[in-house]
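Step one of this worksheet: look at the structure below.
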Amino acid sequence: MTETAPATPPASHWRRYRMLYLLLAVCVAPVIASYTAYYLLPPSGRTNYGALIEPQRPLPELSLRRLDGTAVEAASLRGSWLMVQVDGGECGAACQKKLWQMRQVRLTTGKDADRVQRVWLIVDDAPLATAVIREYDGTLFLRTRADEVAAFLPLPAEPAARLVDHIWLIDPLGNLMMRWPKDADPNRMKKDLIKLLKASGIG
């Protein structure tokens with residue numbers, strides 16, 4: 001009786017899918033590297049002006065509406081870097097100063113300006129002045145609930161800290177990652193944003 005040769009063992013899972021894994025690694029590596037460099041360098045190696053939000057928190061499903069009342073899903077905001085301010089619809093001098101800062105900082109990013117979206121979360125039903133809407137055309141005006149925004153955006157540990165005093169930054173994956181201080185310096189905000197845009201391959 002002749003003996004049959006043992007069957008050749010099937011190729012290992014790794015060998016079969018090696019090229020797929022390598023392709024995935026090449027695609028994901030730049031994103032991981034940029035975030036690792038920004039978040040895990042020792043403090044002496046960081047020069048960020050804004051306060052990093054650690055750990056990052058994902059953008060929740062806020063009750064968002066355009067000025068005409070159309071509902072907006074929070075997930076639809078992903079894909080761009082979002083500079084976000086919070087204020088009431090009357091928008092006094094301090095509110096308009098933040099709108100101006102967001103517009104100017106975005107413009108200074110040059111060819112990367114299209115990667116950045118300005119968002120104003122309006123936490124009441126007060127009507128917006130036509131002049132403000134025209135002056136800051138390109139800003140995404142979204143009404144929402146103040147309690148939902150307060151639960152999402154963290155304030156500094158200061159007794160008088162208020163949501164209306166700050167501008168926040170959300171990354172293209174929908175993660176809140178930075179809060180700039182009250183009366184922020186636009187030049188230093190620009191440096192933070194340009195570093196992130198340069199380091200990140202997303203958005």
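Ligands are numbered from 1 in the order shown, chains are lettered A, B, ... in the order of the structure tokens, and residues start at 1 in each chain.
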
Original post:
Near range 82-94 of chain A, within 7 Å and counting only C-alpha atoms, which residues show up once chain neighbours fewer than 5 positions away are dropped, as a count of residues only?
Top reply: 22

**OP:** DSSP on the backbone, then: every residue of range 42-171 of chain A marked strand (DSSP E or B), written as a PyMOL selection string.
**Re:** chain A and resi 51-58+64-65+71-72+81-87+116-122+137+139-143+167-170

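Rounded to one decimal, CA of Ser80 in chain A and CA of Thr109 in chain A lie 13.6 Å from each other.
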
**OP:** Return as a ChimeraX atom specification the full set of residues in range 131-201 of chain A whose backbone-based DSSP assignment is alpha helix (DSSP H).
**Re:** /A:131-135,146-152,186-199

Restricting the output to C-alpha atoms, write the selected residues as a PDB file, in the first residue's frame.
```
ATOM      1  CA  ALA A 131     -25.256  93.215   8.850  1.00  0.00           C
ATOM      2  CA  VAL A 132     -23.581  90.499  10.943  1.00  0.00           C
ATOM      3  CA  ILE A 133     -24.708  87.741   8.577  1.00  0.00           C
ATOM      4  CA  ARG A 134     -23.329  89.656   5.595  1.00  0.00           C
ATOM      5  CA  GLU A 135     -20.082  90.646   7.309  1.00  0.00           C
ATOM      6  CA  ALA A 146     -27.353  75.891  25.569  1.00  0.00           C
ATOM      7  CA  ASP A 147     -27.478  72.918  27.950  1.00  0.00           C
ATOM      8  CA  GLU A 148     -26.242  70.511  25.251  1.00  0.00           C
ATOM      9  CA  VAL A 149     -23.360  72.799  24.339  1.00  0.00           C
ATOM     10  CA  ALA A 150     -22.415  73.315  27.990  1.00  0.00           C
ATOM     11  CA  ALA A 151     -22.250  69.548  28.505  1.00  0.00           C
ATOM     12  CA  PHE A 152     -19.932  69.163  25.517  1.00  0.00           C
ATOM     13  CA  PRO A 186      -5.085  85.649  16.497  1.00  0.00           C
ATOM     14  CA  ASN A 187      -1.404  85.315  15.571  1.00  0.00           C
ATOM     15  CA  ARG A 188      -0.872  82.590  18.154  1.00  0.00           C
ATOM     16  CA  MET A 189      -4.133  80.904  17.185  1.00  0.00           C
ATOM     17  CA  LYS A 190      -2.895  80.879  13.586  1.00  0.00           C
ATOM     18  CA  LYS A 191       0.356  79.176  14.623  1.00  0.00           C
ATOM     19  CA  ASP A 192      -1.561  76.406  16.425  1.00  0.00           C
ATOM     20  CA  LEU A 193      -3.855  75.831  13.462  1.00  0.00           C
ATOM     21  CA  ILE A 194      -1.106  75.874  10.834  1.00  0.00           C
ATOM     22  CA  LYS A 195       0.926  73.333  12.831  1.00  0.00           C
ATOM     23  CA  LEU A 196      -2.052  71.011  13.012  1.00  0.00           C
ATOM     24  CA  LEU A 197      -2.901  71.369   9.343  1.00  0.00           C
ATOM     25  CA  LYS A 198       0.706  70.687   8.422  1.00  0.00           C
ATOM     26  CA  ALA A 199       1.030  67.662  10.705  1.00  0.00           C
TER      27      ALA A 199
END
```

**OP:** Considering only C-alpha atoms, state which residue in the set A:Ala129, A:Leu173, A:Ala160, A:Ala75 is at the smallest distance from Ser200 in chain A.
**Re:**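 Of A:Ala129, A:Leu173, A:Ala160, A:Ala75, the one nearest Ser200 in chain A, counting only C-alpha atoms, is A:Leu173.
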
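Distance check against Gly201 in chain A using only C-alpha atoms: of A:Arg115, A:Arg143, A:Arg179, A:Arg103, the minimum falls on A:Arg115.
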
Subject >> Nearest-residue call for Gly174 in chain A, choices A:Leu64, A:Val72, A:Leu77, A:Ala51, using only C-alpha atoms >> reply: A:Leu77

**OP:** Have a look at CA of Pro159 in chain A and CA of Pro181 in chain A and let me know their distance in Å, one decimal.
**Re:**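 A separation of 14.5 Å between them.
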